[in-house]
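Coordinates from coords12.txt are shown below (compact mmCIF, C-alpha atoms).
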```txt
# COMPACT_ATOMS: atom_id res chain seq x y z
CA SER A 27 -2.57 -1.54 5.19
CA TYR A 28 -5.92 -0.08 4.10
CA PHE A 29 -7.08 -0.94 0.60
CA ASP A 30 -9.88 -0.10 -1.82
CA PHE A 31 -10.59 -0.92 -5.48
CA GLU A 32 -12.66 0.94 -8.04
CA THR A 33 -14.05 -1.03 -10.97
CA PHE A 34 -16.04 -0.41 -14.15
CA GLN A 35 -18.20 -2.54 -16.43
CA ASN A 36 -18.87 -2.73 -20.16
CA ALA A 37 -21.94 -4.46 -21.59
CA ILE A 38 -19.89 -5.02 -24.76
CA PRO A 39 -16.32 -6.03 -23.83
CA ARG A 40 -13.56 -3.68 -24.96
CA PHE A 41 -10.55 -5.82 -24.05
CA LYS A 42 -9.27 -9.33 -24.65
CA GLY A 43 -10.34 -11.66 -21.86
CA GLN A 44 -13.09 -9.32 -20.67
CA LYS A 45 -16.60 -10.71 -20.14
CA PRO A 46 -19.82 -8.72 -20.63
CA CYS A 47 -20.56 -6.66 -17.51
CA GLN A 48 -17.46 -8.01 -15.75
CA GLN A 49 -16.14 -5.70 -13.04
CA ILE A 50 -12.76 -4.53 -14.28
CA PRO A 51 -10.49 -2.93 -11.65
CA PHE A 52 -8.98 0.30 -12.91
CA GLN A 53 -7.91 2.05 -9.73
CA TYR A 54 -6.87 1.47 -6.16
CA SER A 55 -5.86 3.43 -3.11
CA LEU A 56 -3.53 2.03 -0.47
CA HIS A 57 -2.70 3.59 2.89
CA ILE A 58 0.14 1.84 4.72
CA GLN A 59 0.61 2.24 8.45
CA THR A 60 4.25 2.22 9.54
CA LYS A 61 6.14 3.14 12.69
CA GLU A 62 6.87 6.50 11.08
CA GLY A 63 3.25 7.23 10.20
CA ILE A 64 0.88 6.73 7.27
CA GLU A 65 2.15 6.33 3.70
CA HIS A 66 -0.16 6.57 0.69
CA LYS A 67 0.16 4.80 -2.66
CA GLU A 68 -2.27 4.72 -5.55
CA PHE A 69 -2.85 3.50 -9.07
CA LEU A 70 -5.13 4.80 -11.81
CA GLY A 71 -5.09 2.99 -15.14
CA ASN A 72 -4.87 4.45 -18.62
CA GLU A 73 -8.43 4.86 -19.84
CA ASN A 74 -7.40 3.90 -23.38
CA GLU A 75 -6.14 0.39 -22.53
CA ASP A 76 -6.93 -2.61 -20.37
CA PRO A 77 -5.71 -1.53 -16.91
CA ARG A 78 -5.69 -4.95 -15.26
CA ARG A 79 -2.14 -6.19 -15.91
CA LYS A 80 -0.43 -2.98 -14.85
CA LEU A 81 -2.72 -2.66 -11.83
CA ALA A 82 -1.91 -6.20 -10.68
CA GLU A 83 1.83 -5.68 -11.12
CA GLN A 84 1.69 -2.38 -9.24
CA MET A 85 -0.24 -4.00 -6.39
CA ILE A 86 2.49 -6.59 -5.95
CA ALA A 87 5.10 -3.82 -5.95
CA ASP A 88 3.20 -1.53 -3.57
CA PHE A 89 1.88 -3.87 -0.88
CA PRO A 90 4.01 -4.63 2.20
CA THR A 91 5.09 -8.26 2.35
CA SER A 92 3.40 -8.80 5.71
CA GLY A 93 0.66 -7.38 7.91
CA CYS A 94 -3.11 -7.37 7.65
CA ILE A 95 -4.99 -5.62 4.84
CA VAL A 96 -8.05 -3.69 5.99
CA ALA A 97 -10.97 -3.31 3.59
CA PHE A 98 -14.62 -2.34 3.91
CA ASN A 99 -16.70 -5.29 2.69
CA MET A 100 -13.60 -7.32 1.91
CA SER A 101 -15.45 -9.92 -0.17
CA PHE A 102 -15.44 -7.48 -3.10
CA GLU A 103 -11.69 -6.88 -2.99
CA LYS A 104 -10.95 -10.58 -2.56
CA ARG A 105 -13.16 -11.54 -5.50
CA VAL A 106 -11.53 -8.97 -7.79
CA ILE A 107 -8.07 -10.17 -6.75
CA LYS A 108 -9.09 -13.79 -7.44
CA GLU A 109 -10.24 -12.78 -10.94
CA LEU A 110 -6.93 -11.00 -11.54
CA ALA A 111 -5.07 -14.13 -10.47
CA ASP A 112 -7.15 -16.21 -12.90
CA GLN A 113 -6.45 -13.72 -15.68
CA PHE A 114 -2.69 -13.61 -15.05
CA PRO A 115 -1.41 -17.00 -13.83
CA ASP A 116 2.18 -15.75 -13.63
CA LEU A 117 1.06 -13.21 -11.00
CA ALA A 118 -1.37 -15.52 -9.20
CA GLU A 119 0.86 -16.53 -6.29
CA GLY A 120 1.64 -12.96 -5.31
CA LEU A 121 -1.95 -11.81 -5.73
CA LEU A 122 -3.63 -14.68 -3.88
CA GLU A 123 -1.28 -14.22 -0.94
CA PHE A 124 -3.02 -10.90 -0.31
CA ASN A 125 -6.37 -12.64 0.11
CA GLU A 126 -5.07 -14.52 3.15
CA ARG A 127 -4.41 -11.24 4.97
CA PHE A 128 -7.69 -9.34 4.66
CA VAL A 129 -9.60 -8.00 7.66
CA ASP A 130 -13.11 -6.58 7.19
CA LEU A 131 -13.69 -3.22 8.86
CA VAL A 132 -17.46 -3.46 8.36
CA VAL A 133 -17.74 -6.33 10.89
CA PRO A 134 -17.87 -4.29 14.14
CA PHE A 135 -20.66 -2.16 12.66
CA ARG A 136 -22.63 -4.94 11.01
CA LYS A 137 -22.51 -7.11 14.14
CA GLY A 138 -23.58 -4.29 16.44
CA GLY A 139 -20.26 -3.62 18.14
CA TYR A 140 -20.76 0.08 17.48
CA TYR A 141 -23.77 1.99 16.21
CA ASN A 142 -24.56 5.63 15.67
CA ARG A 143 -28.09 6.67 14.74
CA LYS A 144 -26.64 8.98 12.08
CA MET A 145 -25.79 5.83 10.10
CA LYS A 146 -29.56 5.44 9.58
CA GLY A 147 -29.36 1.67 9.55
CA SER A 148 -26.68 1.52 6.86
CA PHE A 149 -23.19 0.11 7.42
CA SER A 150 -21.61 1.27 4.17
CA LEU A 151 -18.46 3.35 4.30
CA LYS A 152 -20.43 6.32 2.93
CA SER A 153 -22.78 6.06 5.93
CA VAL A 154 -20.29 5.22 8.68
CA LEU A 155 -17.61 7.82 7.92
CA PRO A 156 -19.84 10.95 8.00
CA ALA A 157 -21.65 9.60 11.05
CA LEU A 158 -18.40 9.34 13.01
CA PHE A 159 -16.84 12.55 11.68
CA PRO A 160 -19.71 14.91 10.81
CA ASP A 161 -17.68 18.10 11.24
CA ASP A 162 -14.40 17.15 9.58
CA PRO A 163 -14.18 18.58 6.03
CA GLU A 164 -11.12 16.43 5.31
CA LEU A 165 -13.31 13.33 5.71
CA SER A 166 -16.37 14.60 3.82
CA TYR A 167 -17.38 13.30 0.40
CA LYS A 168 -19.54 16.38 -0.12
CA GLY A 169 -16.53 18.47 -1.05
CA LEU A 170 -15.50 16.09 -3.84
CA THR A 171 -16.56 16.24 -7.47
CA ILE A 172 -16.93 12.44 -7.48
CA GLN A 173 -18.75 11.31 -4.36
CA ASP A 174 -19.49 7.59 -4.77
CA GLY A 175 -18.31 4.44 -6.50
CA VAL A 176 -21.13 4.34 -9.03
CA ALA A 177 -20.13 7.75 -10.34
CA ALA A 178 -16.44 6.81 -10.38
CA SER A 179 -17.22 3.65 -12.35
CA SER A 180 -19.38 5.31 -15.00
CA ILE A 181 -17.02 8.27 -15.40
CA PHE A 182 -13.97 6.10 -15.99
CA ALA A 183 -15.88 3.78 -18.34
CA SER A 184 -16.53 6.71 -20.69
CA LEU A 185 -13.29 8.61 -20.09
CA HIS A 186 -11.70 7.23 -23.28
CA LEU A 187 -14.35 9.19 -25.23
CA VAL A 188 -13.25 12.55 -23.81
CA ASN A 189 -11.04 14.43 -26.27
CA ASP A 190 -10.01 17.45 -24.20
CA PRO A 191 -6.66 16.66 -22.45
CA ASP A 192 -7.32 19.22 -19.73
CA GLU A 193 -10.71 17.71 -18.98
CA VAL A 194 -9.21 14.23 -18.87
CA ALA A 195 -6.52 15.41 -16.45
CA GLN A 196 -9.11 17.02 -14.18
CA ILE A 197 -11.29 13.91 -14.18
CA ARG A 198 -8.30 11.75 -13.31
CA ASP A 199 -7.45 14.05 -10.40
CA ASP A 200 -11.06 13.81 -9.20
CA LEU A 201 -10.94 10.01 -9.37
CA LEU A 202 -7.73 9.91 -7.35
CA ALA A 203 -9.16 12.24 -4.70
CA TYR A 204 -12.28 10.11 -4.33
CA CYS A 205 -10.53 6.77 -3.98
CA LYS A 206 -7.95 8.23 -1.60
CA LEU A 207 -10.70 9.35 0.77
CA ASP A 208 -12.07 5.81 0.93
CA THR A 209 -8.87 4.40 2.42
CA LEU A 210 -8.10 7.50 4.49
CA GLY A 211 -11.59 7.11 5.93
CA MET A 212 -10.77 3.54 6.95
CA VAL A 213 -7.64 4.76 8.73
CA LYS A 214 -9.67 7.26 10.72
CA ILE A 215 -12.49 4.82 11.47
CA LEU A 216 -10.08 2.27 12.94
CA GLU A 217 -8.43 5.00 15.03
CA PHE A 218 -11.89 5.98 16.29
CA LEU A 219 -12.74 2.40 17.26
CA ASN A 220 -9.39 1.91 18.98
CA LYS A 221 -10.05 4.93 21.17
CA LYS A 222 -13.50 3.60 22.04
CA ILE A 223 -12.28 0.22 23.24
CA LYS A 224 -9.38 1.43 25.39
CA LEU A 225 -10.26 0.88 29.05
CA LYS A 226 -9.73 3.90 31.24
CA VAL A 227 -8.67 2.59 34.69
CA PRO A 228 -9.01 5.27 37.39
CA SER A 229 -5.77 6.19 39.13
CA LEU A 230 -5.45 6.05 42.94
CA SER A 231 -5.39 9.85 43.05
CA HIS A 232 -8.69 9.93 41.12
CA VAL A 233 -10.24 7.43 43.52
CA LYS A 234 -8.99 9.46 46.52
CA ASN A 235 -10.48 12.67 45.14
CA MET A 236 -13.80 10.95 44.64
CA LEU A 237 -13.75 9.70 48.22
CA ASP A 238 -12.87 13.15 49.58
CA LYS A 239 -15.86 14.57 47.77
CA LEU A 240 -18.10 11.89 49.21
CA VAL A 241 -16.83 12.62 52.72
CA GLU A 242 -17.88 16.24 52.29
CA GLU A 243 -21.30 15.40 50.92
CA GLN A 244 -22.42 12.54 53.07
CA SER A 245 -21.58 10.39 56.04
CA LEU A 246 -19.46 7.46 55.02
CA SER A 247 -19.57 4.04 56.48
CA GLU A 248 -16.64 2.96 58.63
CA SER A 249 -15.51 0.52 55.96
CA LEU A 250 -15.33 3.24 53.30
CA GLN A 251 -13.35 5.52 55.61
CA GLU A 252 -10.98 2.64 56.33
CA TYR A 253 -10.50 2.08 52.60
CA LYS A 254 -9.73 5.78 52.11
CA ALA A 255 -7.13 5.64 54.85
CA ASN A 256 -5.45 2.61 53.28
CA ILE A 257 -4.83 4.36 49.98
CA LYS A 258 -4.06 7.80 51.41
CA ASP A 259 -0.27 7.44 51.32
CA LYS A 260 -0.02 5.45 48.09
CA LYS A 261 1.41 7.17 45.02
CA PRO A 262 -0.95 7.61 42.06
```

Take the structure from the file and write it as structure tokens.
Amino acid sequence: SYFDFETFQNAIPRFKGQKPCQQIPFQYSLHIQTKEGIEHKEFLGNENEDPRRKLAEQMIADFPTSGCIVAFNMSFEKRVIKELADQFPDLAEGLLEFNERFVDLVVPFRKGGYYNRKMKGSFSLKSVLPALFPDDPELSYKGLTIQDGVAASSIFASLHLVNDPDEVAQIRDDLLAYCKLDTLGMVKILEFLNKKIKLKVPSLSHVKNMLDKLVEEQSLSESLQEYKANIKDKKP
């Protein structure tokens, strides 16, 4: 699974049990990898009420019961889940079980396993994704109305003040599109890394072709010619 939260803050708490400037999760995107392909699930809370209880319940319903959970900078997701578990003790067991399954996708970039100069020294998702897929419009934040988490947070925090239903509906669609790209991006990044680490072992036919070319271009040693003869009749 691939998972991402969005949160907002209020200097003056709006809801019971909310602390000043506490990060309140209001949205998540979840891509689930199955044998049949990729399935997407999502949640976006009602801007007029505390979204935490419904979000936590929906997480428990949506997540597979096994398998790793991929996040980008997983410490954030794990901390928010821990706070949800503290807020809702009756849901704590199910929520905290998720925290045992997280895998952090930022690690191979932060530890130097892969680097692209287009990242410009940053290992955030917003830097890594466009660096790996610069020409894929499906994976570009530039085509979205909401392009980063700061904007998503501030927009949702004030959404309850918007009176136009059509505007509210459009903003909610924009929020869903943004969060969905975060987890879709993780899917694509992991696919990219998997392709990079697969070892390509040359076949016997490839080796033979290389040797034939060398024979034409230069004089081979007797040992190399003997090696060529040994593999001549083997099937690729």

For range 196-213 of chain A, work out the shell of residues within 8 Å, counting all atoms listed in the file and skipping chain neighbours fewer than 5 positions away, then give it as a PyMOL selection string.
chain A and resi 28-32+53-57+68+70+96-98+131+151+155+165+167+170-174+178

Identify, on the basis of all atoms listed in the file, every residue whose closest approach to Ala111 in chain A does not exceed 7 Å; exclude the query and any residue fewer than 4 positions from it along the same chain; express the result as a short mmCIF file (atom, residue, chain, number, x, y, z; two decimals) with C-alpha atoms, in the coordinates of the input.
```cif
data_model
loop_
_atom_site.label_atom_id
_atom_site.label_comp_id
_atom_site.auth_asym_id
_atom_site.auth_seq_id
_atom_site.Cartn_x
_atom_site.Cartn_y
_atom_site.Cartn_z
CA ILE A 107 -8.07 -10.17 -6.75
CA PRO A 115 -1.41 -17.00 -13.83
CA LEU A 117 1.06 -13.21 -11.00
CA ALA A 118 -1.37 -15.52 -9.20
CA LEU A 121 -1.95 -11.81 -5.73
CA LEU A 122 -3.63 -14.68 -3.88
#
```

CA of Lys214 in chain A to CA of Ser92 in chain A: how many Å, to one decimal?
21.3 Å

Which polymer residues have any atom within 10 Å of an atom of Arg40 in chain A, counting only C-alpha atoms, with same-chain residues fewer than 4 positions away left out, as a PyMOL selection string?
chain A and resi 35-36+44-46+74-76

Place a sphere of radius 10 Å on (-13.3, 8.6, -18.8) in the file coordinates and name every protein, DNA or RNA residue with an atom inside or on its surface, counting only C-alpha atoms; give the answer as a VMD selection string.
chain A and resid 72 to 74 178 to 189 193 to 195 197 to 198 201

Nearest-residue call for Tyr141 in chain A, choices A:Val106, A:Leu158, A:Val129, A:Ile223, using all atoms listed in the file
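Nearest candidate to Tyr141 in chain A out of A:Val106, A:Leu158, A:Val129, A:Ile223: A:Leu158.
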
Distance CA of Ser101 in chain A-CA of Pro160 in chain A, one decimal place?
27.5 Å

Skip Pro51 in chain A itself and residues of its chain fewer than 6 positions away, then list as a list in words all residues within 9 Å of it, counting all atoms listed in the file.
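Near Pro51 in chain A, the qualifying residues are Phe31, Glu32, Thr33, Phe34, Gly71, Pro77, Arg78, Leu81, Val106 and Leu110 of chain A.
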
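If you look at CA of Lys104 in chain A and CA of Arg127 in chain A, they are 10.0 Å away from each other.
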